file final32.txt (compact mmCIF, N, CA and C atoms and all ligand atoms)
# COMPACT_ATOMS: atom_id res chain seq x y z
N MET A 1 2.66 -7.94 12.69
CA MET A 1 1.65 -7.77 13.75
C MET A 1 0.36 -7.23 13.17
N THR A 2 0.49 -6.30 12.20
CA THR A 2 -0.72 -5.73 11.61
C THR A 2 -1.48 -6.80 10.84
N VAL A 3 -0.75 -7.58 10.05
CA VAL A 3 -1.37 -8.63 9.24
C VAL A 3 -2.10 -9.63 10.13
N ASN A 4 -1.49 -10.02 11.20
CA ASN A 4 -2.10 -11.02 12.09
C ASN A 4 -3.07 -10.42 13.10
N ASP A 5 -3.33 -9.12 12.96
CA ASP A 5 -4.25 -8.42 13.85
C ASP A 5 -3.81 -8.52 15.32
N LYS A 6 -2.52 -8.36 15.56
CA LYS A 6 -2.01 -8.45 16.92
C LYS A 6 -1.70 -7.07 17.53
N LEU A 7 -1.90 -6.01 16.75
CA LEU A 7 -1.64 -4.69 17.32
C LEU A 7 -2.65 -4.43 18.43
N GLN A 8 -2.21 -3.73 19.45
CA GLN A 8 -3.11 -3.47 20.58
C GLN A 8 -4.02 -2.28 20.25
N THR A 9 -4.87 -2.46 19.23
CA THR A 9 -5.84 -1.43 18.92
C THR A 9 -6.86 -1.42 20.04
N GLN A 10 -7.61 -0.32 20.11
CA GLN A 10 -8.49 -0.17 21.27
C GLN A 10 -9.59 -1.21 21.34
N ASP A 11 -10.04 -1.71 20.17
CA ASP A 11 -11.09 -2.74 20.24
C ASP A 11 -10.57 -3.99 20.93
N ARG A 12 -9.27 -4.32 20.70
CA ARG A 12 -8.69 -5.48 21.36
C ARG A 12 -8.52 -5.24 22.86
N LEU A 13 -8.05 -4.04 23.19
CA LEU A 13 -7.87 -3.71 24.61
C LEU A 13 -9.22 -3.70 25.32
N LEU A 14 -10.21 -3.24 24.57
CA LEU A 14 -11.56 -3.16 25.13
C LEU A 14 -12.10 -4.56 25.43
N LYS A 15 -11.81 -5.48 24.49
CA LYS A 15 -12.25 -6.86 24.68
C LYS A 15 -11.67 -7.41 25.98
N HIS A 16 -10.46 -7.01 26.26
CA HIS A 16 -9.81 -7.50 27.48
C HIS A 16 -10.10 -6.58 28.67
N GLU A 17 -11.03 -5.66 28.47
CA GLU A 17 -11.46 -4.73 29.51
C GLU A 17 -10.34 -3.90 30.12
N ILE A 18 -9.37 -3.55 29.28
CA ILE A 18 -8.27 -2.74 29.77
C ILE A 18 -8.64 -1.26 29.72
N ILE A 19 -9.38 -0.87 28.69
CA ILE A 19 -9.79 0.52 28.59
C ILE A 19 -11.29 0.60 28.35
N GLN A 20 -11.85 1.80 28.49
CA GLN A 20 -13.30 1.89 28.37
C GLN A 20 -13.81 2.49 27.07
N GLY A 21 -13.19 3.53 26.57
CA GLY A 21 -13.67 4.12 25.31
C GLY A 21 -12.91 3.46 24.17
N SER A 22 -13.38 3.60 22.95
CA SER A 22 -12.59 3.04 21.87
C SER A 22 -12.78 3.85 20.61
N VAL A 23 -12.67 5.17 20.76
CA VAL A 23 -12.84 6.03 19.60
C VAL A 23 -11.51 6.17 18.86
N CYS A 24 -11.58 6.10 17.56
CA CYS A 24 -10.37 6.26 16.74
C CYS A 24 -9.79 7.65 16.95
N LYS A 25 -8.51 7.70 17.26
CA LYS A 25 -7.88 8.99 17.52
C LYS A 25 -7.52 9.74 16.25
N LEU A 26 -7.64 9.08 15.12
CA LEU A 26 -7.30 9.74 13.87
C LEU A 26 -8.48 10.56 13.33
N CYS A 27 -9.70 10.13 13.66
CA CYS A 27 -10.86 10.86 13.13
C CYS A 27 -11.87 11.24 14.22
N ASP A 28 -11.73 10.66 15.42
CA ASP A 28 -12.69 10.91 16.52
C ASP A 28 -14.12 10.61 16.10
N ASP A 29 -14.29 9.71 15.19
CA ASP A 29 -15.58 9.55 14.55
C ASP A 29 -16.08 8.12 14.50
N SER A 30 -15.24 7.18 14.91
CA SER A 30 -15.62 5.78 14.73
C SER A 30 -14.86 4.94 15.75
N ALA A 31 -15.32 3.71 15.98
CA ALA A 31 -14.59 2.84 16.90
C ALA A 31 -13.27 2.42 16.26
N GLU A 32 -12.25 2.26 17.09
CA GLU A 32 -10.94 1.90 16.55
C GLU A 32 -10.78 0.39 16.45
N SER A 33 -10.43 -0.07 15.29
CA SER A 33 -10.07 -1.48 15.09
C SER A 33 -8.98 -1.45 14.03
N ARG A 34 -8.36 -2.57 13.80
CA ARG A 34 -7.31 -2.59 12.77
C ARG A 34 -7.90 -2.16 11.43
N ASN A 35 -9.03 -2.77 11.08
CA ASN A 35 -9.62 -2.47 9.77
C ASN A 35 -9.97 -1.01 9.63
N HIS A 36 -10.54 -0.46 10.70
CA HIS A 36 -10.89 0.95 10.64
C HIS A 36 -9.64 1.81 10.53
N LEU A 37 -8.71 1.57 11.45
CA LEU A 37 -7.52 2.40 11.59
C LEU A 37 -6.73 2.53 10.29
N PHE A 38 -6.50 1.43 9.62
CA PHE A 38 -5.61 1.49 8.46
C PHE A 38 -6.29 1.82 7.15
N PHE A 39 -7.55 1.45 6.98
CA PHE A 39 -8.12 1.69 5.66
C PHE A 39 -9.50 2.29 5.62
N GLU A 40 -10.28 2.12 6.66
CA GLU A 40 -11.62 2.69 6.61
C GLU A 40 -11.64 4.13 7.13
N CYS A 41 -10.71 4.45 7.97
CA CYS A 41 -10.66 5.79 8.57
C CYS A 41 -10.44 6.85 7.49
N LYS A 42 -11.12 7.99 7.62
CA LYS A 42 -10.99 9.00 6.56
C LYS A 42 -9.57 9.58 6.50
N LEU A 43 -8.89 9.65 7.66
CA LEU A 43 -7.51 10.15 7.62
C LEU A 43 -6.61 9.17 6.90
N SER A 44 -6.69 7.88 7.25
CA SER A 44 -5.87 6.87 6.59
C SER A 44 -6.16 6.83 5.10
N ASN A 45 -7.44 6.96 4.77
CA ASN A 45 -7.86 6.99 3.38
C ASN A 45 -7.18 8.11 2.61
N ALA A 46 -7.20 9.31 3.22
CA ALA A 46 -6.60 10.47 2.57
C ALA A 46 -5.09 10.24 2.38
N VAL A 47 -4.46 9.67 3.41
CA VAL A 47 -3.01 9.43 3.35
C VAL A 47 -2.71 8.41 2.25
N TRP A 48 -3.42 7.29 2.31
CA TRP A 48 -3.18 6.21 1.36
C TRP A 48 -3.40 6.67 -0.08
N ASN A 49 -4.52 7.34 -0.31
CA ASN A 49 -4.82 7.79 -1.67
C ASN A 49 -3.83 8.86 -2.13
N GLY A 50 -3.36 9.66 -1.21
CA GLY A 50 -2.36 10.68 -1.55
C GLY A 50 -1.06 10.03 -2.01
N ILE A 51 -0.66 8.96 -1.32
CA ILE A 51 0.57 8.25 -1.69
C ILE A 51 0.41 7.55 -3.05
N MET A 52 -0.74 6.93 -3.25
CA MET A 52 -0.98 6.23 -4.52
C MET A 52 -1.01 7.21 -5.69
N GLU A 53 -1.59 8.37 -5.44
CA GLU A 53 -1.63 9.41 -6.47
C GLU A 53 -0.22 9.89 -6.81
N TRP A 54 0.56 10.09 -5.77
CA TRP A 54 1.95 10.55 -5.96
C TRP A 54 2.73 9.53 -6.80
N LEU A 55 2.54 8.25 -6.52
CA LEU A 55 3.26 7.20 -7.24
C LEU A 55 2.62 6.89 -8.60
N LYS A 56 1.51 7.58 -8.89
CA LYS A 56 0.74 7.36 -10.12
C LYS A 56 0.23 5.92 -10.22
N PHE A 57 -0.12 5.33 -9.08
CA PHE A 57 -0.72 4.01 -9.06
C PHE A 57 -2.24 4.17 -8.99
N LYS A 58 -2.92 3.25 -9.63
CA LYS A 58 -4.39 3.34 -9.65
C LYS A 58 -5.02 2.75 -8.39
N TRP A 59 -4.24 2.00 -7.65
CA TRP A 59 -4.71 1.34 -6.44
C TRP A 59 -5.23 2.36 -5.44
N ARG A 60 -6.44 2.16 -4.96
CA ARG A 60 -6.99 3.10 -3.99
C ARG A 60 -7.40 2.37 -2.72
N SER A 61 -7.68 3.14 -1.71
CA SER A 61 -8.02 2.57 -0.41
C SER A 61 -9.16 1.55 -0.54
N CYS A 62 -8.98 0.44 0.15
CA CYS A 62 -10.00 -0.61 0.08
C CYS A 62 -10.00 -1.36 1.41
N ASP A 63 -10.75 -2.43 1.47
CA ASP A 63 -10.80 -3.11 2.77
C ASP A 63 -9.58 -4.01 2.97
N TRP A 64 -9.42 -4.44 4.19
CA TRP A 64 -8.21 -5.13 4.60
C TRP A 64 -8.01 -6.45 3.86
N SER A 65 -9.09 -7.23 3.67
CA SER A 65 -8.91 -8.53 3.04
C SER A 65 -8.52 -8.39 1.56
N THR A 66 -9.09 -7.39 0.89
CA THR A 66 -8.72 -7.16 -0.51
C THR A 66 -7.24 -6.79 -0.58
N LEU A 67 -6.85 -5.96 0.36
CA LEU A 67 -5.48 -5.49 0.39
C LEU A 67 -4.49 -6.63 0.64
N LEU A 68 -4.82 -7.48 1.59
CA LEU A 68 -3.93 -8.61 1.90
C LEU A 68 -3.83 -9.55 0.70
N ASN A 69 -4.94 -9.72 0.04
CA ASN A 69 -4.96 -10.55 -1.16
C ASN A 69 -3.99 -9.98 -2.20
N TRP A 70 -4.06 -8.68 -2.37
CA TRP A 70 -3.15 -7.98 -3.27
C TRP A 70 -1.71 -8.20 -2.83
N TYR A 71 -1.47 -7.97 -1.58
CA TYR A 71 -0.12 -8.02 -1.05
C TYR A 71 0.49 -9.41 -1.23
N CYS A 72 -0.33 -10.44 -0.93
CA CYS A 72 0.18 -11.81 -0.96
C CYS A 72 0.26 -12.40 -2.36
N PHE A 73 -0.69 -12.04 -3.23
CA PHE A 73 -0.73 -12.73 -4.51
C PHE A 73 -0.38 -11.85 -5.71
N ARG A 74 -0.86 -10.63 -5.69
CA ARG A 74 -0.66 -9.79 -6.87
C ARG A 74 0.64 -9.01 -6.82
N LEU A 75 1.19 -8.82 -5.65
CA LEU A 75 2.39 -7.99 -5.55
C LEU A 75 3.67 -8.81 -5.38
N LYS A 76 3.59 -10.08 -5.74
CA LYS A 76 4.73 -10.96 -5.50
C LYS A 76 5.94 -10.65 -6.38
N GLY A 77 5.70 -10.05 -7.52
CA GLY A 77 6.77 -9.84 -8.49
C GLY A 77 7.95 -9.07 -7.95
N LYS A 78 9.07 -9.22 -8.64
CA LYS A 78 10.27 -8.52 -8.20
C LYS A 78 10.46 -7.20 -8.93
N GLY A 79 9.50 -6.87 -9.79
CA GLY A 79 9.61 -5.63 -10.54
C GLY A 79 9.70 -4.42 -9.63
N PHE A 80 10.32 -3.39 -10.13
CA PHE A 80 10.56 -2.20 -9.34
C PHE A 80 9.27 -1.56 -8.83
N LYS A 81 8.28 -1.47 -9.71
CA LYS A 81 7.04 -0.82 -9.29
C LYS A 81 6.30 -1.64 -8.24
N GLN A 82 6.37 -2.96 -8.36
CA GLN A 82 5.71 -3.79 -7.35
C GLN A 82 6.44 -3.69 -6.01
N LYS A 83 7.76 -3.63 -6.10
CA LYS A 83 8.55 -3.44 -4.88
C LYS A 83 8.17 -2.10 -4.23
N THR A 84 8.02 -1.09 -5.07
CA THR A 84 7.66 0.23 -4.56
C THR A 84 6.28 0.21 -3.91
N LYS A 85 5.35 -0.53 -4.51
CA LYS A 85 4.01 -0.62 -3.96
C LYS A 85 4.03 -1.31 -2.59
N ARG A 86 4.81 -2.37 -2.49
CA ARG A 86 4.93 -3.06 -1.19
C ARG A 86 5.53 -2.12 -0.16
N MET A 87 6.53 -1.38 -0.61
CA MET A 87 7.20 -0.42 0.28
C MET A 87 6.21 0.65 0.74
N ALA A 88 5.38 1.10 -0.19
CA ALA A 88 4.39 2.14 0.13
C ALA A 88 3.40 1.62 1.16
N LEU A 89 3.00 0.38 1.01
CA LEU A 89 2.05 -0.20 1.96
C LEU A 89 2.68 -0.28 3.35
N ALA A 90 3.91 -0.79 3.42
CA ALA A 90 4.58 -0.92 4.71
C ALA A 90 4.79 0.46 5.35
N ALA A 91 5.22 1.43 4.54
CA ALA A 91 5.49 2.77 5.07
C ALA A 91 4.19 3.44 5.53
N ALA A 92 3.10 3.20 4.80
CA ALA A 92 1.81 3.80 5.19
C ALA A 92 1.34 3.20 6.51
N VAL A 93 1.40 1.88 6.63
CA VAL A 93 0.96 1.22 7.87
C VAL A 93 1.80 1.72 9.05
N TYR A 94 3.11 1.77 8.84
CA TYR A 94 4.01 2.22 9.91
C TYR A 94 3.70 3.66 10.34
N ASN A 95 3.56 4.53 9.36
CA ASN A 95 3.35 5.95 9.70
C ASN A 95 1.97 6.22 10.29
N ILE A 96 0.96 5.48 9.85
CA ILE A 96 -0.38 5.66 10.42
C ILE A 96 -0.39 5.16 11.86
N TRP A 97 0.26 4.04 12.10
CA TRP A 97 0.33 3.51 13.47
C TRP A 97 1.10 4.46 14.38
N ARG A 98 2.19 5.05 13.85
CA ARG A 98 2.98 6.00 14.63
C ARG A 98 2.16 7.26 14.95
N GLU A 99 1.40 7.72 13.95
CA GLU A 99 0.57 8.91 14.16
C GLU A 99 -0.48 8.65 15.25
N ARG A 100 -1.08 7.47 15.17
CA ARG A 100 -2.09 7.09 16.17
C ARG A 100 -1.46 7.11 17.56
N ASN A 101 -0.25 6.54 17.71
CA ASN A 101 0.42 6.50 19.01
C ASN A 101 0.83 7.89 19.48
N ASN A 102 1.31 8.72 18.54
CA ASN A 102 1.68 10.09 18.92
C ASN A 102 0.47 10.86 19.43
N ARG A 103 -0.67 10.63 18.79
CA ARG A 103 -1.89 11.34 19.24
C ARG A 103 -2.32 10.88 20.63
N ILE A 104 -2.19 9.60 20.89
CA ILE A 104 -2.61 9.07 22.18
C ILE A 104 -1.60 9.39 23.28
N PHE A 105 -0.33 9.15 23.00
CA PHE A 105 0.66 9.22 24.08
C PHE A 105 1.38 10.56 24.18
N GLN A 106 1.45 11.32 23.06
CA GLN A 106 2.18 12.58 23.13
C GLN A 106 1.30 13.78 22.82
N LEU A 107 0.03 13.51 22.53
CA LEU A 107 -0.92 14.57 22.20
C LEU A 107 -0.43 15.43 21.04
N LYS A 108 0.32 14.79 20.13
CA LYS A 108 0.80 15.51 18.94
C LYS A 108 -0.01 15.05 17.74
N CYS A 109 -0.32 15.99 16.88
CA CYS A 109 -1.26 15.72 15.80
C CYS A 109 -0.72 16.24 14.47
N LYS A 110 -0.56 15.35 13.48
CA LYS A 110 -0.11 15.81 12.16
C LYS A 110 -1.28 15.81 11.18
N THR A 111 -1.19 16.67 10.18
CA THR A 111 -2.22 16.68 9.13
C THR A 111 -1.94 15.52 8.17
N PRO A 112 -2.96 15.10 7.41
CA PRO A 112 -2.70 14.05 6.40
C PRO A 112 -1.54 14.44 5.48
N ASP A 113 -1.47 15.71 5.08
CA ASP A 113 -0.38 16.14 4.19
C ASP A 113 0.99 15.94 4.80
N ALA A 114 1.09 16.22 6.11
CA ALA A 114 2.38 16.05 6.79
C ALA A 114 2.74 14.56 6.87
N ILE A 115 1.74 13.71 7.09
CA ILE A 115 2.00 12.27 7.15
C ILE A 115 2.42 11.76 5.76
N ILE A 116 1.74 12.25 4.74
CA ILE A 116 2.09 11.87 3.36
C ILE A 116 3.55 12.26 3.07
N LYS A 117 3.94 13.42 3.53
CA LYS A 117 5.30 13.90 3.31
C LYS A 117 6.32 12.95 3.97
N ASP A 118 6.00 12.52 5.20
CA ASP A 118 6.89 11.57 5.90
C ASP A 118 7.01 10.25 5.14
N ILE A 119 5.88 9.78 4.64
CA ILE A 119 5.87 8.50 3.92
C ILE A 119 6.66 8.63 2.62
N LYS A 120 6.46 9.74 1.92
CA LYS A 120 7.22 9.97 0.68
C LYS A 120 8.71 9.92 0.97
N MET A 121 9.10 10.57 2.06
CA MET A 121 10.51 10.61 2.42
C MET A 121 11.03 9.21 2.71
N ASP A 122 10.25 8.40 3.44
CA ASP A 122 10.65 7.01 3.74
C ASP A 122 10.86 6.22 2.45
N ILE A 123 9.91 6.38 1.52
CA ILE A 123 9.98 5.61 0.26
C ILE A 123 11.17 6.10 -0.58
N PHE A 124 11.31 7.37 -0.65
CA PHE A 124 12.41 8.01 -1.39
C PHE A 124 13.76 7.50 -0.91
N VAL A 125 13.96 7.56 0.39
CA VAL A 125 15.24 7.15 0.98
C VAL A 125 15.48 5.66 0.73
N ALA A 126 14.42 4.85 0.95
CA ALA A 126 14.58 3.40 0.76
C ALA A 126 14.93 3.08 -0.69
N ILE A 127 14.29 3.75 -1.63
CA ILE A 127 14.56 3.48 -3.05
C ILE A 127 15.97 3.93 -3.43
N LEU A 128 16.31 5.14 -3.05
CA LEU A 128 17.63 5.65 -3.45
C LEU A 128 18.78 4.90 -2.77
N ASN A 129 18.52 4.33 -1.59
CA ASN A 129 19.55 3.53 -0.91
C ASN A 129 19.66 2.13 -1.50
N GLY A 130 18.65 1.74 -2.29
CA GLY A 130 18.64 0.38 -2.85
C GLY A 130 19.27 0.29 -4.22
N SER A 131 20.12 1.23 -4.59
CA SER A 131 20.77 1.27 -5.90
C SER A 131 19.80 0.97 -7.05
N PRO A 132 18.85 1.85 -7.30
CA PRO A 132 17.90 1.62 -8.40
C PRO A 132 18.59 1.76 -9.75
N SER A 133 17.99 1.17 -10.78
CA SER A 133 18.52 1.35 -12.13
C SER A 133 18.34 2.82 -12.51
N ALA A 134 19.04 3.25 -13.56
CA ALA A 134 18.95 4.66 -13.98
C ALA A 134 17.51 5.02 -14.30
N GLU A 135 16.82 4.09 -14.94
CA GLU A 135 15.43 4.35 -15.35
C GLU A 135 14.51 4.50 -14.13
N ASP A 136 14.67 3.58 -13.15
CA ASP A 136 13.84 3.63 -11.95
C ASP A 136 14.15 4.86 -11.12
N ARG A 137 15.41 5.21 -11.10
CA ARG A 137 15.84 6.40 -10.36
C ARG A 137 15.21 7.66 -10.97
N GLU A 138 15.23 7.69 -12.29
CA GLU A 138 14.65 8.82 -12.99
C GLU A 138 13.15 8.93 -12.71
N TRP A 139 12.49 7.75 -12.68
CA TRP A 139 11.05 7.73 -12.43
C TRP A 139 10.73 8.29 -11.05
N ILE A 140 11.43 7.81 -10.04
CA ILE A 140 11.10 8.26 -8.67
C ILE A 140 11.44 9.75 -8.51
N LEU A 141 12.51 10.19 -9.16
CA LEU A 141 12.88 11.61 -9.04
C LEU A 141 11.92 12.51 -9.81
N SER A 142 11.21 11.93 -10.78
CA SER A 142 10.28 12.74 -11.58
C SER A 142 8.95 12.98 -10.88
N LEU A 143 8.70 12.23 -9.80
CA LEU A 143 7.39 12.33 -9.14
C LEU A 143 7.25 13.61 -8.34
ZN ZN A 201 -10.70 6.90 12.29
call {"tool": "encode", "arguments": {"input": "final32.txt", "output": "structure tokens", "more": "lines below"}}
Ligand SMILES: [Zn+2]
result
Amino acid sequence: MTVNDKLQTQDRLLKHEIIQGSVCKLCDDSAESRNHLFFECKLSNAVWNGIMEWLKFKWRSCDWSTLLNWYCFRLKGKGFKQKTKRMALAAAVYNIWRERNNRIFQLKCKTPDAIIKDIKMDIFVAILNGSPSAEDREWILSL
């Protein structure tokens, strides 16, 4: 849904005249759209860069089309690190979307650090449940 821009972000709802304001709930500073929400927003940026730093990847926050290009063409490999990068992207998108919904519907607010912690846990659990090789296991545990 995120890739195809089908999430009901406020800009889409606004287009259909369902709601009137469209301020991003993650930063209260910009209009909400998919592109803003996931990568342009300063909160998403902090989360994404925090995860990349943790994984010791050089990849940093960028625009949506660059990212999709990466996801579709550069991350195709079956290597462990590429799998981890894909996992990190999916976990980041999921957790940012969940945070946005929690702020809107439950008035609950997490710090970027707390969101990063949740994402790390998601990645950790997914990797350790996927029977990693001894070397890959050692790498993830060393982070
Ligand atoms: Zn924002």
call {"tool": "select_by_dssp", "arguments": {"input": "final32.txt", "residues": "chain A", "states": "alpha helix (DSSP H)", "output": "MDAnalysis selection string"}}
result
chainID A and resid 10:15 34:35 42:54 64:69 80:101 112:129 134:142
call {"tool": "residues_around", "arguments": {"input": "final32.txt", "residues": "A:Trp54", "least_positions_apart": "6", "cutoff": "10 Å", "atoms": "only C-alpha atoms", "output": "list in words"}}
result
Trp48, Ile116, Lys120, Ile140 and Leu143 of chain A
call {"tool": "closest_atom_pairs", "arguments": {"input": "final32.txt", "of": "chain A", "to": "ligand ZN 201 (chain A)", "cutoff": "9 Å", "atoms": "only C-alpha atoms and all ligand atoms", "output": "JSON lines"}}
result
{"residue": "A:Val23", "atom": "CA", "partner": "A:ZN201", "partner_atom": "ZN", "distance": 7.7}
{"residue": "A:Cys24", "atom": "CA", "partner": "A:ZN201", "partner_atom": "ZN", "distance": 4.5}
{"residue": "A:Lys25", "atom": "CA", "partner": "A:ZN201", "partner_atom": "ZN", "distance": 6.3}
{"residue": "A:Leu26", "atom": "CA", "partner": "A:ZN201", "partner_atom": "ZN", "distance": 4.7}
{"residue": "A:Cys27", "atom": "CA", "partner": "A:ZN201", "partner_atom": "ZN", "distance": 4.1}
{"residue": "A:Asp28", "atom": "CA", "partner": "A:ZN201", "partner_atom": "ZN", "distance": 6.2}
{"residue": "A:Asp29", "atom": "CA", "partner": "A:ZN201", "partner_atom": "ZN", "distance": 6.0}
{"residue": "A:Ser30", "atom": "CA", "partner": "A:ZN201", "partner_atom": "ZN", "distance": 5.6}
{"residue": "A:Ala31", "atom": "CA", "partner": "A:ZN201", "partner_atom": "ZN", "distance": 7.3}
{"residue": "A:Glu32", "atom": "CA", "partner": "A:ZN201", "partner_atom": "ZN", "distance": 6.6}
{"residue": "A:Ser33", "atom": "CA", "partner": "A:ZN201", "partner_atom": "ZN", "distance": 8.9}
{"residue": "A:His36", "atom": "CA", "partner": "A:ZN201", "partner_atom": "ZN", "distance": 6.2}
{"residue": "A:Leu37", "atom": "CA", "partner": "A:ZN201", "partner_atom": "ZN", "distance": 5.6}
{"residue": "A:Phe38", "atom": "CA", "partner": "A:ZN201", "partner_atom": "ZN", "distance": 8.4}
{"residue": "A:Phe39", "atom": "CA", "partner": "A:ZN201", "partner_atom": "ZN", "distance": 8.8}
{"residue": "A:Glu40", "atom": "CA", "partner": "A:ZN201", "partner_atom": "ZN", "distance": 7.1}
{"residue": "A:Cys41", "atom": "CA", "partner": "A:ZN201", "partner_atom": "ZN", "distance": 3.9}
{"residue": "A:Lys42", "atom": "CA", "partner": "A:ZN201", "partner_atom": "ZN", "distance": 6.1}
{"residue": "A:Leu43", "atom": "CA", "partner": "A:ZN201", "partner_atom": "ZN", "distance": 6.5}
{"residue": "A:Ser44", "atom": "CA", "partner": "A:ZN201", "partner_atom": "ZN", "distance": 7.5}
call {"tool": "closest_residue", "arguments": {"input": "final32.txt", "among": "A:Leu141, A:Ile123, A:Ala46, A:Cys109", "to": "A:Arg86", "atoms": "only C-alpha atoms"}}
result
A:Ile123
call {"tool": "atom_distance", "arguments": {"input": "final32.txt", "atom1": "atom N of A:Asp118", "atom2": "atom N of A:Arg103"}}
result
15.3 Å
call {"tool": "atom_distance", "arguments": {"input": "final32.txt", "atom1": "atom CA of A:Ala114", "atom2": "atom C of A:Arg98"}}
result
12.0 Å
call {"tool": "closest_residue", "arguments": {"input": "final32.txt", "among": "A:Ile127, A:Thr2, A:Arg34, A:Gln8", "to": "A:Thr84", "atoms": "only N, CA and C atoms"}}
result
A:Ile127
call {"tool": "atom_distance", "arguments": {"input": "final32.txt", "atom1": "atom CA of A:Asp136", "atom2": "atom CA of A:Ala92"}}
result
20.9 Å
